[in-house]
Each structure stands twice: as C-alpha cells, then as structure tokens.
>>> print(open('upload.csv').read())   # CSV, C-alpha atoms
chain,number,residue,atom,x,y,z
H,982,MET,CA,0.0,0.0,0.0
H,983,ILE,CA,1.3,3.4,-1.0
H,984,PRO,CA,2.1,5.6,2.1
H,985,LEU,CA,-0.5,8.4,2.5
H,986,HIS,CA,2.2,11.1,2.5
H,987,LYS,CA,3.5,9.9,-0.8
H,988,LEU,CA,0.0,9.7,-2.2
H,989,ASN,CA,-0.7,13.2,-1.1
H,990,GLU,CA,2.5,14.5,-2.8
H,991,LEU,CA,1.5,13.2,-6.2
H,992,PRO,CA,0.0,15.6,-8.9
H,993,ARG,CA,-3.8,15.7,-8.3
H,994,THR,CA,-4.8,13.7,-11.4
H,995,ILE,CA,-2.4,10.9,-10.7
H,996,ARG,CA,-3.4,10.9,-7.0
H,997,LEU,CA,-7.1,10.5,-8.0
H,998,ARG,CA,-6.4,7.8,-10.5
H,999,LYS,CA,-4.2,5.8,-8.1
H,1000,SER,CA,-6.9,6.2,-5.4
H,1001,ALA,CA,-9.6,5.1,-7.8
H,1002,SER,CA,-7.6,2.0,-8.6
H,1003,LEU,CA,-7.2,1.2,-4.9
H,1004,PHE,CA,-10.9,1.5,-4.2
H,1005,GLY,CA,-11.8,-0.5,-7.4
H,1006,GLU,CA,-9.4,-3.3,-6.6
H,1007,ALA,CA,-10.6,-3.5,-3.0
H,1008,GLU,CA,-14.2,-3.9,-4.2
H,1009,ARG,CA,-13.1,-6.7,-6.5
H,1010,ARG,CA,-11.3,-8.5,-3.7
H,1011,LEU,CA,-14.3,-8.1,-1.5
H,1012,VAL,CA,-16.6,-9.6,-4.1
H,1013,LEU,CA,-14.1,-12.4,-4.8
H,1014,PHE,CA,-13.1,-13.3,-1.2
H,1015,ARG,CA,-16.2,-12.1,0.7
H,1016,GLN,CA,-14.2,-10.1,3.1
H,1017,LEU,CA,-11.7,-7.2,3.4
H,1018,PRO,CA,-9.1,-7.0,6.1
H,1019,LYS,CA,-9.7,-4.5,8.9
H,1020,GLU,CA,-6.4,-2.7,8.2
H,1021,GLU,CA,-7.3,-2.3,4.5
H,1022,LYS,CA,-10.6,-0.7,5.4
H,1023,GLU,CA,-8.9,1.7,7.8
H,1024,TYR,CA,-6.3,2.5,5.1
H,1025,LEU,CA,-9.0,3.3,2.5
H,1026,GLY,CA,-10.9,5.3,5.1
H,1027,ARG,CA,-7.8,7.5,5.6
H,1028,ILE,CA,-7.5,7.9,1.9
H,1029,ALA,CA,-11.1,9.0,1.8
H,1030,GLU,CA,-10.4,11.4,4.6
H,1031,LEU,CA,-7.4,12.8,2.8
H,1032,LEU,CA,-9.4,13.3,-0.5
H,1033,ALA,CA,-12.2,15.0,1.4
H,1034,LYS,CA,-9.9,17.9,2.1
H,1035,ASP,CA,-9.6,18.5,-1.7
H,1036,GLU,CA,-12.0,21.5,-2.2
H,1037,LYS,CA,-11.8,21.1,-6.0
H,1038,PHE,CA,-14.4,18.3,-5.7
H,1039,PRO,CA,-18.1,19.3,-6.0
H,1040,GLU,CA,-19.9,19.3,-2.6
H,1041,VAL,CA,-21.8,16.1,-3.4
H,1042,SER,CA,-18.5,14.3,-3.9
H,1043,LEU,CA,-17.0,15.7,-0.7
H,1044,THR,CA,-20.1,14.6,1.2
H,1045,ALA,CA,-19.7,11.0,-0.2
H,1046,LEU,CA,-15.9,11.0,0.7
H,1047,ARG,CA,-16.6,12.1,4.3
H,1048,ALA,CA,-19.3,9.4,4.6
H,1049,ALA,CA,-16.9,6.8,3.2
H,1050,HIS,CA,-14.3,7.7,5.8
H,1051,LEU,CA,-16.8,7.2,8.6
H,1052,ALA,CA,-18.2,4.0,7.1
H,1053,LEU,CA,-14.8,2.4,6.6
H,1054,ALA,CA,-13.8,3.2,10.2
H,1055,ASP,CA,-17.0,1.7,11.5
H,1056,GLY,CA,-16.4,-2.0,12.3
H,1057,ASP,CA,-20.2,-2.8,12.4
H,1058,LYS,CA,-20.8,-2.2,8.7
H,1059,ASP,CA,-21.6,-5.3,6.7
H,1060,ASP,CA,-19.9,-6.4,3.5
H,1061,ASP,CA,-22.8,-5.1,1.3
H,1062,GLU,CA,-22.5,-1.6,2.9
H,1063,ILE,CA,-18.8,-1.6,2.5
H,1064,ARG,CA,-19.0,-2.6,-1.1
H,1065,ARG,CA,-21.4,0.2,-1.9
H,1066,VAL,CA,-19.0,2.7,-0.3
H,1067,LEU,CA,-16.0,1.4,-2.3
H,1068,ASN,CA,-18.0,1.4,-5.5
H,1069,ALA,CA,-19.3,4.9,-5.0
H,1070,ILE,CA,-15.8,6.4,-4.3
H,1071,HIS,CA,-14.2,4.4,-7.2
H,1072,TYR,CA,-16.6,6.0,-9.7
H,1073,ILE,CA,-16.5,9.4,-8.1
H,1074,LEU,CA,-12.8,9.5,-8.6
H,1075,ARG,CA,-12.9,8.1,-12.1
H,1076,ALA,CA,-15.5,10.7,-13.1
H,1077,GLU,CA,-13.3,13.5,-11.6
H,1078,THR,CA,-10.4,12.5,-13.9
H,1079,GLY,CA,-12.7,12.3,-16.9
H,1080,ARG,CA,-12.8,8.5,-17.0
H,1081,ASN,CA,-16.5,7.8,-16.7
H,1082,GLN,CA,-17.4,4.1,-16.3
H,1083,ALA,CA,-18.4,1.8,-19.1
H,1084,ASP,CA,-20.4,-1.4,-19.0
H,1085,TRP,CA,-17.3,-3.6,-18.9
H,1086,ASP,CA,-16.1,-1.8,-15.8
H,1087,PHE,CA,-18.9,-3.1,-13.6
H,1088,ILE,CA,-18.2,-5.9,-11.2
H,1089,GLU,CA,-20.7,-8.8,-11.4
H,1090,SER,CA,-21.0,-10.6,-8.1
H,1091,SER,CA,-23.6,-13.3,-8.9
H,1092,GLY,CA,-21.0,-15.8,-10.2
H,1093,ALA,CA,-21.7,-18.5,-12.8
H,1094,LEU,CA,-25.3,-19.3,-13.4
H,1095,ASP,CA,-26.6,-22.8,-12.6
H,1096,PRO,CA,-28.3,-24.2,-15.7
H,1097,SER,CA,-30.4,-26.6,-13.5
H,1098,LYS,CA,-32.2,-23.7,-12.1
H,1099,ARG,CA,-33.2,-22.3,-15.5
H,1100,ARG,CA,-37.0,-22.4,-16.4
H,1101,SER,CA,-38.2,-21.9,-19.9
H,1102,PHE,CA,-41.5,-22.1,-21.8
H,1103,SER,CA,-41.5,-24.8,-24.4
H,1104,GLY,CA,-41.8,-23.3,-27.9
H,1105,LEU,CA,-41.0,-19.7,-26.8
H,1106,GLN,CA,-38.2,-18.8,-29.2
H,1107,VAL,CA,-36.7,-15.6,-30.7
H,1108,TYR,CA,-34.8,-14.7,-33.9
H,1109,LEU,CA,-32.3,-11.8,-33.6
H,1110,GLU,CA,-31.9,-10.4,-37.1
H,1111,ASP,CA,-28.8,-8.2,-37.8
H,1112,ILE,CA,-28.4,-6.9,-34.2
H,1113,ARG,CA,-25.0,-5.2,-34.7
H,1114,SER,CA,-24.2,-4.0,-31.1
H,1115,PRO,CA,-22.6,-6.5,-28.7
H,1116,PHE,CA,-24.2,-4.5,-25.9
H,1117,ASN,CA,-27.7,-5.0,-27.4
H,1118,VAL,CA,-27.1,-8.7,-28.1
H,1119,GLY,CA,-25.9,-9.2,-24.5
H,1120,SER,CA,-28.8,-7.3,-23.1
H,1121,MET,CA,-31.3,-9.3,-25.2
H,1122,PHE,CA,-29.7,-12.6,-24.1
H,1123,ARG,CA,-30.1,-11.5,-20.5
H,1124,ALA,CA,-33.8,-10.6,-21.0
H,1125,ALA,CA,-34.5,-13.8,-23.0
H,1126,GLU,CA,-33.0,-15.9,-20.2
H,1127,SER,CA,-34.9,-14.0,-17.5
H,1128,PHE,CA,-38.3,-14.4,-19.3
H,1129,GLY,CA,-38.0,-18.1,-20.1
H,1130,VAL,CA,-37.0,-18.2,-23.8
H,1131,GLU,CA,-36.3,-21.7,-24.9
H,1132,LYS,CA,-33.9,-20.9,-27.7
H,1133,ILE,CA,-32.3,-17.9,-29.5
H,1134,TRP,CA,-31.6,-17.9,-33.2
H,1135,LEU,CA,-29.2,-15.4,-34.7
H,1136,SER,CA,-28.8,-14.1,-38.3
H,1137,PRO,CA,-25.2,-14.2,-39.7
H,1138,LEU,CA,-24.7,-10.5,-39.2
H,1139,CYS,CA,-25.6,-10.4,-35.5
H,1140,ALA,CA,-22.8,-9.4,-33.2
H,1141,ASP,CA,-21.2,-12.5,-31.6
H,1142,PRO,CA,-22.7,-13.3,-28.2
H,1143,ARG,CA,-19.2,-14.4,-27.1
H,1144,HIS,CA,-17.8,-10.9,-27.8
H,1145,LYS,CA,-16.4,-9.7,-24.5
H,1146,ARG,CA,-18.9,-6.8,-24.4
H,1147,ALA,CA,-21.9,-9.0,-25.2
H,1148,SER,CA,-20.8,-11.6,-22.8
H,1149,ARG,CA,-20.3,-9.1,-20.0
H,1150,THR,CA,-23.7,-7.5,-20.6
H,1151,ALA,CA,-25.4,-10.9,-20.7
H,1152,MET,CA,-23.8,-11.7,-17.3
H,1153,GLY,CA,-23.6,-15.5,-17.8
H,1154,CYS,CA,-26.8,-16.0,-19.8
H,1155,VAL,CA,-24.8,-16.8,-23.0
H,1156,ASP,CA,-23.7,-20.0,-21.3
H,1157,VAL,CA,-27.1,-21.2,-20.1
H,1158,ILE,CA,-29.6,-20.4,-22.8
H,1159,PRO,CA,-29.4,-22.5,-26.0
H,1160,TRP,CA,-28.5,-20.4,-29.1
H,1161,GLU,CA,-27.5,-20.9,-32.7
H,1162,TYR,CA,-26.5,-19.0,-35.7
H,1163,LEU,CA,-28.7,-19.5,-38.7
H,1164,PHE,CA,-26.7,-19.3,-41.9
H,1165,CYS,CA,-29.7,-19.2,-44.3
H,1166,ASP,CA,-32.7,-16.9,-44.5
H,1167,PRO,CA,-35.5,-18.8,-42.6
H,1168,PHE,CA,-38.2,-16.7,-44.3
H,1169,THR,CA,-37.3,-17.2,-47.9
H,1170,ALA,CA,-35.3,-20.5,-48.1
H,1171,PRO,CA,-37.4,-23.6,-48.3
H,1172,ALA,CA,-37.0,-26.5,-45.8
H,1173,ASP,CA,-34.5,-29.0,-47.0
H,1174,GLU,CA,-35.7,-32.6,-47.5
H,1175,ASP,CA,-32.9,-33.9,-45.2
H,1176,LYS,CA,-34.5,-31.8,-42.4
H,1177,SER,CA,-31.3,-29.7,-42.0
H,1178,PHE,CA,-33.4,-26.6,-42.1
H,1179,PRO,CA,-34.6,-25.6,-38.6
H,1180,LEU,CA,-38.1,-26.9,-38.2
H,1181,PRO,CA,-39.3,-24.2,-35.7
H,1182,PHE,CA,-39.6,-21.7,-38.6
H,1183,SER,CA,-41.8,-24.0,-40.6
H,1184,GLN,CA,-43.9,-25.4,-37.8
H,1185,ASN,CA,-44.6,-22.3,-35.6
H,1186,PRO,CA,-46.2,-18.9,-36.0
H,1187,VAL,CA,-43.9,-15.9,-36.2
H,1188,PHE,CA,-44.4,-12.3,-35.4
H,1189,ALA,CA,-42.2,-9.2,-35.6
H,1190,LEU,CA,-41.4,-6.5,-33.0
H,1191,GLU,CA,-41.9,-3.4,-35.2
H,1192,THR,CA,-43.7,-0.1,-35.4
H,1193,GLY,CA,-47.1,0.2,-37.0
H,1194,GLY,CA,-48.4,-3.1,-35.5
H,1195,THR,CA,-50.9,-4.2,-32.9
H,1196,PRO,CA,-50.5,-2.5,-29.6
H,1197,LEU,CA,-48.7,-4.6,-27.0
H,1198,ASN,CA,-51.6,-5.1,-24.7
H,1199,ASP,CA,-53.9,-6.2,-27.5
H,1200,PHE,CA,-51.5,-8.6,-29.3
H,1201,PRO,CA,-52.5,-12.3,-29.4
H,1202,PHE,CA,-49.3,-13.8,-28.1
H,1203,PRO,CA,-49.1,-17.5,-29.0
H,1204,ALA,CA,-48.5,-20.4,-26.7
H,1205,ARG,CA,-45.6,-21.4,-29.1
H,1206,GLY,CA,-44.0,-19.1,-31.6
H,1207,ILE,CA,-40.9,-17.1,-32.7
H,1208,LEU,CA,-40.5,-13.4,-32.1
H,1209,ILE,CA,-38.4,-11.5,-34.7
H,1210,ALA,CA,-36.4,-8.5,-33.5
H,1211,GLY,CA,-34.5,-6.6,-36.2
H,1212,SER,CA,-31.6,-4.2,-36.8
H,1213,GLU,CA,-31.2,-1.2,-34.6
H,1214,GLU,CA,-31.1,1.1,-37.7
H,1215,LEU,CA,-33.2,-0.6,-40.3
H,1216,GLY,CA,-35.7,-2.6,-38.3
H,1217,VAL,CA,-37.0,-6.0,-39.3
H,1218,SER,CA,-36.1,-6.9,-43.0
H,1219,PRO,CA,-38.8,-6.9,-45.7
H,1220,GLY,CA,-38.7,-10.7,-46.0
H,1221,ALA,CA,-39.1,-11.3,-42.3
H,1222,LEU,CA,-41.9,-8.7,-42.1
H,1223,ALA,CA,-43.7,-10.4,-45.0
H,1224,ALA,CA,-43.4,-13.7,-43.1
H,1225,ALA,CA,-44.7,-12.1,-39.9
H,1226,ASP,CA,-47.6,-10.4,-41.7
H,1227,ALA,CA,-48.6,-13.7,-43.2
H,1228,SER,CA,-48.6,-15.3,-39.7
H,1229,LEU,CA,-49.3,-13.4,-36.5
H,1230,GLY,CA,-48.4,-9.9,-37.7
H,1231,ARG,CA,-46.5,-7.2,-35.8
H,1232,VAL,CA,-46.5,-6.2,-32.2
H,1233,SER,CA,-45.8,-2.6,-31.3
H,1234,ILE,CA,-45.1,-0.7,-28.0
H,1235,PRO,CA,-47.1,2.5,-27.7
H,1236,THR,CA,-45.0,5.5,-26.8
H,1237,TRP,CA,-45.8,9.1,-25.9
H,1238,GLY,CA,-42.5,10.9,-26.1
H,1239,ALA,CA,-41.0,13.1,-28.8
H,1240,LYS,CA,-38.6,10.4,-29.8
H,1241,GLY,CA,-41.3,7.8,-30.5
H,1242,SER,CA,-39.0,4.8,-30.4
H,1243,LEU,CA,-37.0,2.7,-28.0
H,1244,ASN,CA,-33.6,1.0,-28.0
H,1245,VAL,CA,-34.1,-2.5,-29.5
H,1246,SER,CA,-33.0,-4.3,-26.4
H,1247,VAL,CA,-35.3,-2.3,-24.2
H,1248,ALA,CA,-38.2,-2.9,-26.5
H,1249,PHE,CA,-37.4,-6.6,-26.6
H,1250,GLY,CA,-37.3,-6.8,-22.8
H,1251,ILE,CA,-40.7,-5.2,-22.6
H,1252,VAL,CA,-42.3,-7.5,-25.1
H,1253,MET,CA,-40.7,-10.6,-23.6
H,1254,GLN,CA,-42.1,-9.8,-20.1
H,1255,VAL,CA,-45.6,-9.4,-21.5
H,1256,TRP,CA,-45.4,-12.7,-23.5
H,1257,ALA,CA,-44.0,-14.6,-20.5
H,1258,ASP,CA,-46.7,-13.1,-18.3
H,1259,ARG,CA,-49.4,-14.4,-20.7
H,1260,LEU,CA,-47.9,-17.8,-20.8
H,1261,MET,CA,-47.7,-17.9,-17.0
H,1262,LEU,CA,-51.5,-17.1,-16.8
H,1263,ILE,CA,-52.1,-20.1,-19.2
H,1264,THR,CA,-49.9,-22.3,-17.0
H,1265,VAL,CA,-51.8,-21.3,-13.8
H,1266,ARG,CA,-55.2,-21.8,-15.4
H,1267,GLN,CA,-54.2,-25.3,-16.4
>>> encode(input="upload.csv", output="structure tokens")
Amino acid sequence: MIPLHKLNELPRTIRLRKSASLFGEAERRLVLFRQLPKEEKEYLGRIAELLAKDEKFPEVSLTALRAAHLALADGDKDDDEIRRVLNAIHYILRAETGRNQADWDFIESSGALDPSKRRSFSGLQVYLEDIRSPFNVGSMFRAAESFGVEKIWLSPLCADPRHKRASRTAMGCVDVIPWEYLFCDPFTAPADEDKSFPLPFSQNPVFALETGGTPLNDFPFPARGILIAGSEELGVSPGALAAADASLGRVSIPTWGAKGSLNVSVAFGIVMQVWADRLMLITVRQ
C-alpha cells in the first residue's frame, strides 16, 4: 500500500487515478473473497479522509468522501454496505479524472449461473436479425433468459454473443440459454428434404417487433412461436416482415414521447415480459 504522505505528494490527477484504482481493486477482492481485512478498510478510510480535504471536488462528492471515511472506520458495517462505499468512491474518482465508467467496468457478483435452475417455456423462441451492437445482443440474451426463452436464433450479421462486451452485458446468460447462428434466411429459403433446415420456422407462427403493428396489450401472443427482433437502424427486414404479416403480424409498443421509439434491447425486454406473463397465466389456469 502506498504511504499516505507519498500519495498526497502526487499531482492531483495521478493521485485521484491511483486512489480510484485502490478502491476499485478493494471492491473486486471483497466480491471475490467475501471479506476485506480491517487494516485495509482503515487505510482506505484514511485515503477518503485525505481526499475529502480537496476542495476542488463538488460538494456532493465531498459529502460522499466524508461518509466513506466514517463507514470504513465503523467496524459494524456489513460487506454489502462496504462494497457500496467502495463502489461509490471508485466511480466518483474516475469521473473526476474524466474517465467515466463503461459497462465492462462493472463488477458482477452473482457468479456462474446454474443451468439446472433455469426455467423456460416450451416453444418460446426468438430470432435476432442483424443486431449489430454487442451490448444489445448481450442485453437481449439476459432478457431472454430471464423471461423463459427456450432458444435464441441469430442471423449471420448479428454481433457474436461471445464478444467480451456482449458476454459481459449478458452476465452469464450466453452460457445457459441455447442459441445458434442460422446461416440461411429462414423466411425465404425452403426447408431441405434432409431436415437440416430448422423446423421451428416452418412449424410455428412468427411475429415481428416493429412499429405500426398491434399495440402490445392487444396482441394475441401465441403459446408457441418465434419473435423476430430486427436491426437497430433498419428494423426487421422486408422478407421477415412479410413472413410475420402472413402469420401473427407485428407487435408494437405505444410511446408518448417526442422520440417515439425505444432501444431495441429495451423494447425486446418489454415485449418478452408481457409474452411470458401471458404464458404464466395459461400455466396457472391449467
């Protein structure tokens, strides 16, 4: 641990970056080992006390630093409270040096997911068509796993779910939900006689998440089917829309803002929650 007097002698930007690193690494060790030595808490508390004397911080940051000093000196604080203190100071210091956090900075504490605890609805599947952003793909995997999707199909131009940003955003869901790239157009290519073409697309109804369709609360969600979610920029392709219109049609989320549209992963999560809720009602009635 760097002595406090040496830390205090560093130029301000370097001092804040080194301090941010100390708080961030302490949080990671707390998550990993479930405890932090008393002497390290006291050391970090003294750093917080030192930083709280820096009047260049905005008042809200100074208040947080003073509170961190007191919390880290309090032996009765539990690990969750200590982690929140470490996390808050880490990001305050990063922001002060112009290094705001990104999704891949966040520390996930839930650990690996247990596939045996996963519940899904038989026949509830989704097709991600040309979703370019790894963040969106990861977020959609997380929503799909949370709401009981049986399987995810991806078009060839989707971002790879194993990309570090997608995987980080999915938080383990890529490893527990079945998924597969589909290297043919399921809406225009005929089923092969040798059955190599995926049967779900020829045996189940399909519908698209797209503007100009049936409002969400009025949509007749099927007991089995495939939801198509399309490109962030271009939406669902004409071929996929034609297939949806010939089947169950389009589901849309009413909005009232000036923008009039949602991020694709946000819209996907909203629709999946409603579909899963309808399926749960069917299950309860049976």
>>> atom_distance(input="upload.csv", atom1="CA of Val1118 in chain H", atom2="CA of Ala1147 in chain H")
6.0 Å
>>> residues_around(input="upload.csv", residues="Ala1248 in chain H", least_positions_apart="6", cutoff="12 Å", atoms="only C-alpha atoms", output="MDAnalysis selection string")
chainID H and resid 1117 1120:1121 1124 1189:1192 1197 1209:1211 1213 1232:1236 1241:1242 1254:1255
>>> residues_around(input="upload.csv", residues="Ser1228 in chain H", least_positions_apart="5", cutoff="10 Å", atoms="only C-alpha atoms", output="ChimeraX atom specification")
/H:1185-1189,1222-1223
>>> residues_near_point(input="upload.csv", point="(-31.1, -10.0, -31.4)", cutoff="9 Å", atoms="all atoms listed in the file", output="PyMOL selection string")
chain H and resi 1107-1113+1117-1119+1121-1122+1133-1136+1139-1140+1209-1212+1245-1246+1249
>>> residues_around(input="upload.csv", residues="Gly1026 in chain H", least_positions_apart="5", cutoff="8 Å", atoms="all atoms listed in the file", output="list in words")
Ala1049, His1050, Leu1051, Ala1052, Leu1053 and Ala1054 of chain H
